[in-house]
Structure formats: C-alpha cells, structure tokens
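Reviewing the structure listed below.
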Amino acid sequence: MERTTSTLGRTCRPARWNRTMSSTEKHRIQVPVISSTHYDREWRFSLQQTRASLVDLMDHLLHILRTQPDFRCYHMDSQSVILEDYLSLRPEKAEEIRQHIQQGRLLAGPWYSLPDMNLVGGEAIVRNLLIGHSLVSQFGPVMKVGYTPTGFGQISQLPQIYRGFGIDTALFYRGPDRSRLDKEFVWETPDGSWVVAYIFTPEFGRMPLYHCVTRRVLYGQAFYERARQWDARENPFRLHDERTRWDLYYQGNPHEQFLSDALAAETRRMIDTELKRSALNTFLCLDGTDSTEPQPQTPRILQAMNQVCDTHEFVHTDLYAFATVLRDAAPRLKRYRGEMRSSARDGVQVNLFGDTVSTRTDLKILNAQAENRLIGWAEPFATFAWLHGAEYPARFLDEAWRHLLNNQSHDCIAGCGQDIVHQDMVYYFRQVMEIADEITRRALFHLAMRLDTQGLGDREVLLLVYNPRPYAQSATVEMRVDLPSAWGAKGLGVLDLEGKHAAIQVDRATPGRKVLIHRPKDAPGQYLMDSWWIRLLATDVPAFGWKCYRAQPTPQEDASLWPTQTNQSRIENEFLLLELRQDGLLDLTDRRTGCVYRGLHLFEDRGEVGDAYFSVVPQNDRIVPAPAGQYQVQVHRGPVSSYIQLALSMQIPQTTEKSGRSEQTVEVPIRVTARLDRGSPFVEFRTELDNRAKDHKLRVVFP
C-alpha cells in the first residue's frame with residue numbers, strides 16, 4: 001500500500017505548533033497526540049452524578065492549563081453541552097474558559113451532544129450542530145473537525161451535513177465495513193459533497209494511547225486488566241445505600257506510578273497496529289476514555305515515548321493538526337458512498353451495537369412523538385403566528401430543543417443506560433411535548449382570533465383543520481365538537497364554507513357536559529355543552545394552512561353517521577380491501593395493482609437473554625405464534641372509518657434462561673384494532689397488551 005508522508009507543522013495556529021527539530025529528530029515522523037475524554041452525560045451514572053464528576057474534571061483541567069504550559073490543549077469530546085453543564089454549577093469560570101477557547105487550548109463543538117444518528121430525525125441532527133455552534137461561539141471559535149466516534153453507525157448524508165457547517169473531515173469507528181473500506185478514504189454523498197474520513201482501529205478504538213501506553217505506565221495494567229488489589233492503597237470508599245449500582249466503590253487515592261519497563265514494546269505495538277491498514281505514515285493518537293479526567297502526566301509520558309522510539313515523534317497538539325494530514329492525503333484516497341452501518345463484530349471497541357434499535361422501544365416512540373410535535377407543529381405555526389403579529393417563542397423552543405437533544409445522546413436514545421437515566425428521559429420527553437403543545441396551542445389560537453367570522457351563523461361553531469405539511473392533503477381527523485346545550489341540538493351537521501356537507505362519523509355523544517373556560521383576568525367559568533366525538537374527512541387542506549368548517553345543530557339525529565356492527569369479516573375503501581381469515585390472520589388486496597398480500601399480522605414470541613446492547617436467543621428456544629385459531633372479533637363499518645377488532649391471548653413461557661424457556665406459561669391478552677379510513681391508502685393498526693412474561697421478544701410479522 002502506498003503511504004502518504006506528512007508532518008504536523010501546519011494547524012489552525014501555525015505559529016504555536018511549528019517547531020525546530022534537532023538533527024536527531026528530523027528523520028522521525030510526527031504523531032499528533034490529543035488529550036480528551038468521552039463525556040457520557042447519562043449512562044453509567046445518572047445526570048446529577050455525572051455533573052458532579054464533571055465539576056471535578058473541569059476544575060482539574062483548568063488547573064492543569066494554568067500551571068502546565070507543556071499541556072498544550074484539551075479536546076472536549078465534540079460536545080458543547082459540557083460547557084453548559086459545568087457553567088451551570090461554576091458560572092464564575094466562564095471567563096477562564098473563554099480565554100482558553102480563544103487561545104486554542106480548549107477545543108469545543110461542533111456538536112451540542114453526540115447523538116445516535118440512526119434513531120433520530122434529520123432535522124434533529126442539523127439542530128444539534130446549529131445549537132452546538134451557537135453555544136461555543138459565545139466563547140470563541142468552534143472546532144471544525146467532524147469527530148463523532150460514539151454513535152452506533154453513521155448516516156449516509158453526514159458528509160453533506162458537515163459541509164454545510166464548513167467541516168471537511170469525519171473521524172469515527174462504529175459502523176464502517178472494514179472488509180471493503182480503507183482506514184482513510186473520501187466519503188461522498190450523491191450531491192457531490194465529500195469529507196475525508198478516518199476510521200479508528202478495531203483494536204484500540206478512539207483511545208490508542210490510553211489503551212497501549214498510559215494505563216500500562218501509570219497503573220501497571222493492560223487495558224482489559226481490571227482486577228485491583230485491596231492493598232494497592234487506593235483508599236476505596238463506598239456508601240451503603242440502595243441506589244448505588246454495581247456495589248460501587250469510589251477511589252480515594254489514584255496511586256499512580258511511572259513504570260517504563262514495557263514502554264518501548266507497547267509504543268511499537270501501538271504504531272504497528274495503527275499503521276497496518278493505513279495509507280499514511282502517521283495516525284491519530286488519542287488519550288483518555290469514558291469519563292476519565294485529564295492526565296497531567298501526559299507530557300512526561302510523551303517525552304519518555306520519544307526517548308525510546310526512533311521512528312516517530314509524539315507531539316501534544318489538537319485535532320486540527322491531524323485534519324491537515326487528512327486533507328493533504330485526500331487526492332490519493334479512494335472514494336466511497338453510503339451509510340456506515342456494518343454489523344460486523346471487528347472488536348469490542350468498535351462494535352455497532354445495532355440491536356439497540358429495539359432496546360426500550362417506549363423511548364423511541366416518545367422521541368418520534370416529541371420530534372413530530374416540536375418540528376411538525378410548534379415551530380411552523382409559531383412562525384406563521386409571528387408573521388401575523390405574535391411574539392416568536394425563541395427561548396421556549398430553545399429549551400425544548402436542549403431537552404430533546406440531550407435525550408438523543410447515543411447512550412440515552414439507544415436505551416443502554418441505568419434505569420434511572422431512562423426514567424428521567426421520560427420526564428424530559430414530556431417537557432418537550434408540553435412546551436411544543438403549548439406553543440402550538442397559542443399559535444393556533446392567535447391565528448384563529450384573526451379570522452373573519454362575520455359570515456358565521458348565530459347557531460354555528462367554527463371548526464378549523466390545520467395542515468402542518470408543505471403540501472395539500474386530505475385526511476381523517478378526530479375531534480370533539482361542542483354545541484351549547486341551550487341550542488337543544490338532537491344531532492350534528494358539519495358543512496364547509498361553501499355550504500357543502502362534510503363527511504363525518506359520530507363515535508360518541510354526551511349531552512349536558514360542564515366545560516371550563518380560562519379567563520385571564522377573572523376566575524374560570526363554565527359552559528354547559530352537548531358534545532360529539534367525531535371523525536371528519538377533511539379534504540384538500542392547503543399546505544401550511546387550514547380549512548374552515550361550520551358545525552351546526554340538527555333537529556333530528558342522523559343514524560347513518562354512526563358506525564354499525566356487521567357479521568362480515570372485511571372492511572374496504574376505494575384503495576384497499578382487508579379480510580380476516582379463519583385462522584385470525586389478514587389478507588390485504590391493493591385495488592390499484594391487484595396485488596394480494598396474504599397471511600399478515602402474525603404475532604410471534606421467542607426467548608430473549610441478551611442485554612441492552614445485544615439480542616441473544618436462548619440455546620433451546622421455543623417460538624410461540626398467535627393467533628392460533630382462537631380469538632374474538634368485531635367488525636364495524638362507518639361512513640368515514642371502518643375497523644376490525646381482534647381480542648386474543650397468548651400462552652407465553654413465564655421466564656427465559658440462557659439454556660431455554662420455562663415450561664410454566666402465563667397468559668398475555670392482546671387487543672388489536674385495524675382501521676381503514678375513507679380515502680386512505682394504508683391500514684392503521686393499534687395494539688394493546690398486558691405483558692405478564694419476562695425475558696422474551698414479541699414481534700408482529702407481515703411476511
């Protein structure tokens with residue numbers, strides 16, 4: 001393999017890092033050494049535990065930067081939320097941090113947090129970088145190196161997104177297919193955007209110096225040697241409480257040494273391993289691992305390494321130095337496209353952990369709901385309301401985004417942290433949705449108050465159907481319609497502004513309900529209302545707009561507006577035909593193409609003995625399918641929506657061990673509603689179950 005020779009003389013601050021080498025040094029190749037940590041904000045510890053440890057880390061770091069000029073700079077893991085968390089507890093340190101960032105001794109950004117990009121929406125990825133840039137810019141220059149090592153796979157459009165922020169490099173290790181990718185390559189997207197990519201080695205991941213040298217020199221142990229002796233004078237402390245995980249002790253005395261007996265051999269092993277797949281003659285040498293504090297002995301370690309290594313010189317510098325090496329090598333490198341999401345297990349340091357997509361699925365559902373409400377509703381309609389004179393809720397939205405982005409950190413959204421972490425996430429997702437819903441309500445209220453309602457009849461209520469999409473659409477919407485009880489309505493009619501009756505379906509009606517009205521300058525009041533819960537087929541609602549309807553009382557109830565139960569086992573509309581078979585499975589016919597999809601909606605349960613990272617099947621698994629021919633069914637047809645309701649139960653093994661599933665079973669009741677709306681090209685399923693079994697994986701199969 002042809003190698004590209006480079007030195008590290010040119011960085012973003014050439015005057016600082018240019019150095020005159022002696023005659024004995026000139027033949028050596030420079031290796032950039034980056035001091036860093038990996039900030040898992042919520043993973044092994046809860047947020048508040050991590051914040052407390054972060055204060056220690058940052059206090060010690062600032063002391064090192066003040067007292068050790070040879071400790072040149074520190075990389076803050078590409079996450080600007082570190083600044084936010086630290087300064088929330090140490091606001092008096094803001095000016096000192098600003099000076100270090102402006103001097104290039106602290107590198108912050110470009111991200112706000114480090115997300116798992118495969119589990120969040122594209123807009124959230126862009127906002128993450130936007131907010132990260134905004135936060136760091138308050139202190140100084142944003143680091144413009146694409147360092148995202150921790151996400152469980154890299155999306156295919158990341159080079160294009162990076163280029164939009166002036167970033168032309170991508171450094172990572174989870175997800176690349178090392179059987180076809182070189183260690184360095186040009187990664188491009190269909191629009192022509194490209195970055196120079198660098199893959200960390202599977203042996204050491206993002207921490208070659210810590211893995212090979214630092215731990216061996218200071219603690220006399222290899223990276224995977226974790227057993228410690230009680231008489232090592234570490235002064236361990238443990239608080240006896242019920243919440244401490246893993247019977248955790250805290251080290252009171254680091255008890256560091258400086259053991260150089262294996263230094264030459266470990267340095268050479270690191271160099272040879274890093275270069276064996278490389279087109280370069282140098283590599284990125286990072287120090288530090290998850291949540292580790294800065295190591296003040298790093299300059300001494302590098303000095304000792306340079307004394308025993310005659311081929312390479314290890315230079316304490318920043319990521320810009322290595323980015324320069326990658327840019328210089330770009331013309332020689334191969335070009336690749338596509339996402340980086342290989343599931344090959346090349347080593348524990350670089351495994352994809354792709355199974356986390358199904359870990360704690362409730363969190364993934366909450367994330368999707370929060371994104372939809374914030375991005376799809378709150379922001380666009382807050383903008384439209386602002387265009388019509390309302391105040392734009394910038395701070396409120398910013399708070400929601402920060403809650404959301406922190407919940408999207410890789411360990412959080414992947415679901416592989418402590419239980420307390422994910423319990424907290426539920427709270428923050430709720431805050432995102434609470435903020436988004438209130439912003440949306442206020443925006444829609446503001447817009448509604450500016451509509452001309454002079455043409456509305458005395459006994460009519462205005463209904464507004466809003467469309468948050470950038471295209472016109474027709475859809476069935478569910479709503480409750482209230483009419484004053486004093487109007488004496490026997491039934492309900494809905495018309496558009498042209499007087500044409502809209503298609504509605506009444507699911508429920510309750511007369512004489514007391515409802516509250518919030519009155520800002522007075523105590524809450526009450527209205528006495530008759531209420532109808534309806535489905536309205538709203539047609540041709542304009543893009544980013546709304547359509548008006550008029551609800552009015554009718555002297556008689558129209559029975560045709562209510563759904564009716566039928567003995568037939570099928571529902572249909574102009575696009576689809578859904579039929580229930582004797583065995584409880586479904587056949588779906590697409591009337592547009594004539595295609596028939598048979599045997600749909602099979603429940604299949606199997607054992608699961610993995611953990612938050614990996615799905616593992618027991619040695620002697622037993623698969624339980626359902627329905628097994630026994631079920632209860634109701635079919636209802638209405639003028640707008642029709643649905644099939646299935647009630648069944650599964651006898652599932654109560655527990656699962658690595659050897660197999662238990663003989664004892666428990667009943668798991670399941671209720672399914674398959675709904676088909678008029679004018680809809682898809683079937684909507686809602687599944688409810690009472691899970692009474694442990695250690696199992698239940699899925700729905702659509703073969």
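Each chain in the structure tokens gets a letter, A, B, ..., in the order shown, and its residues are numbered from 1; ligands are numbered from 1 in order too.
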Checklist entry - Hey, what's within 12 Å of Asp424 of chain A if we count only C-alpha atoms and toss same-chain stuff fewer than 3 positions away? As a PyMOL selection string, please? => result chain A and resi 42-43+46-48+363+403+406-407+412-413+415+417-421+427-431
Checklist entry - Got a sec: who's within 7 Å of Ala693 of chain A, counting only C-alpha atoms, leaving out chain neighbours fewer than 4 positions off, as a ChimeraX atom specification? => result /A:652-655,666
Residues of the last selection are to be written out with N, CA and C atoms, as a PDB file, in the first residue's frame.
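That gives us out.pdb:
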```
ATOM      1  N   ILE A 652     -47.513 -17.688  26.941  1.00  0.00           N
ATOM      2  CA  ILE A 652     -46.088 -17.427  26.742  1.00  0.00           C
ATOM      3  C   ILE A 652     -45.304 -17.971  27.928  1.00  0.00           C
ATOM      4  N   PRO A 653     -44.152 -18.618  27.691  1.00  0.00           N
ATOM      5  CA  PRO A 653     -43.317 -19.064  28.815  1.00  0.00           C
ATOM      6  C   PRO A 653     -43.065 -17.923  29.791  1.00  0.00           C
ATOM      7  N   GLN A 654     -43.184 -18.227  31.063  1.00  0.00           N
ATOM      8  CA  GLN A 654     -43.126 -17.178  32.080  1.00  0.00           C
ATOM      9  C   GLN A 654     -41.761 -16.506  32.138  1.00  0.00           C
ATOM     10  N   THR A 655     -40.692 -17.282  32.007  1.00  0.00           N
ATOM     11  CA  THR A 655     -39.338 -16.739  32.064  1.00  0.00           C
ATOM     12  C   THR A 655     -38.481 -17.430  31.007  1.00  0.00           C
ATOM     13  N   VAL A 666     -47.662 -18.052  31.130  1.00  0.00           N
ATOM     14  CA  VAL A 666     -48.603 -17.050  31.624  1.00  0.00           C
ATOM     15  C   VAL A 666     -49.429 -16.561  30.438  1.00  0.00           C
TER      16      VAL A 666
END
```
Between segment 644-676 of chain A and segment 612-618 of chain A, at 7 Å or less, what are the per-residue closest atom pairs and their distances in Å? Count only C-alpha atoms, order by chain and rising residue number, and return it as CSV.
```
residue,atom,partner,partner_atom,distance
A:Glu657,CA,A:Pro618,CA,6.7
A:Lys658,CA,A:Pro618,CA,4.7
A:Ser659,CA,A:Pro618,CA,5.7
A:Gly660,CA,A:Pro618,CA,5.2
```
Would you mind exporting the chosen residues as a PDB file, in the first residue's frame, restricted to N, CA and C atoms?
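Output contents, as saved in result16.pdb:
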```
ATOM      1  N   GLU A 657     -34.211 -18.508  30.427  1.00  0.00           N
ATOM      2  CA  GLU A 657     -32.812 -18.561  30.843  1.00  0.00           C
ATOM      3  C   GLU A 657     -31.957 -18.810  29.605  1.00  0.00           C
ATOM      4  N   LYS A 658     -30.643 -18.749  29.772  1.00  0.00           N
ATOM      5  CA  LYS A 658     -29.748 -18.983  28.641  1.00  0.00           C
ATOM      6  C   LYS A 658     -29.935 -20.374  28.049  1.00  0.00           C
ATOM      7  N   SER A 659     -30.321 -21.325  28.897  1.00  0.00           N
ATOM      8  CA  SER A 659     -30.487 -22.700  28.424  1.00  0.00           C
ATOM      9  C   SER A 659     -31.796 -22.908  27.664  1.00  0.00           C
ATOM     10  N   GLY A 660     -32.813 -22.086  27.942  1.00  0.00           N
ATOM     11  CA  GLY A 660     -34.091 -22.257  27.260  1.00  0.00           C
ATOM     12  C   GLY A 660     -35.224 -21.580  28.007  1.00  0.00           C
TER      13      GLY A 660
END
```
Next on the checklist: Just want the 10 Å neighbourhood of segment 333-348 of chain A, counted on only C-alpha atoms, with same-chain residues fewer than 6 positions away dropped. Output as a count of residues only.
Outcome noted: 42
Checklist entry - If you run DSSP on the backbone, which residues of segment 305-400 of chain A are strand (DSSP E or B), as number ranges by chain? => result A: 312-316, 335-337, 340
Got a sec: who's within 7 Å of Tyr250 of chain A, counting only C-alpha atoms, leaving out chain neighbours fewer than 2 positions off, as a PDB file with C-alpha atoms, in the first residue's frame?
```pdb
ATOM      1  CA  PRO A 236     -11.720   2.963  48.378  1.00  0.00           C
ATOM      2  CA  PHE A 237     -14.984   4.388  49.723  1.00  0.00           C
ATOM      3  CA  ARG A 238     -18.499   3.014  49.416  1.00  0.00           C
ATOM      4  CA  LEU A 248     -19.740   0.728  43.523  1.00  0.00           C
ATOM      5  CA  GLY A 252      -9.752   7.995  47.193  1.00  0.00           C
TER       6      GLY A 252
END
```
Checklist entry - Between A:Phe603, A:Tyr549, A:Tyr527, A:Phe575, which one has atoms that come closest to Asp496 of chain A, using only C-alpha atoms? => result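 Answer, going by the shortest atom-to-atom distance: A:Tyr549.
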For Cys73 of chain A, please output as an mmCIF file with N, CA and C atoms, in the first residue's frame all residues within 7 Å (counting only C-alpha atoms; exclusion window: fewer than 5 positions along the same chain).
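Once everything was written out, this is around.cif:
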```cif
data_model
loop_
_atom_site.group_PDB
_atom_site.id
_atom_site.type_symbol
_atom_site.label_atom_id
_atom_site.label_comp_id
_atom_site.auth_asym_id
_atom_site.auth_seq_id
_atom_site.Cartn_x
_atom_site.Cartn_y
_atom_site.Cartn_z
ATOM 1 N N GLY A 104 -7.088 28.527 21.845
ATOM 2 C CA GLY A 104 -6.935 27.221 21.231
ATOM 3 C C GLY A 104 -6.502 26.126 22.175
ATOM 4 N N ARG A 105 -6.593 26.353 23.473
ATOM 5 C CA ARG A 105 -6.201 25.316 24.429
ATOM 6 C C ARG A 105 -7.386 24.441 24.841
ATOM 7 N N LEU A 106 -8.586 24.914 24.632
ATOM 8 C CA LEU A 106 -9.794 24.102 24.782
ATOM 9 C C LEU A 106 -10.489 24.048 23.430
ATOM 10 N N THR A 317 -0.876 17.997 20.676
ATOM 11 C CA THR A 317 -1.424 19.024 19.802
ATOM 12 C C THR A 317 -2.947 18.918 19.780
ATOM 13 N N ASP A 318 -3.572 19.366 18.689
ATOM 14 C CA ASP A 318 -5.029 19.352 18.607
ATOM 15 C C ASP A 318 -5.488 18.614 17.356
#
```
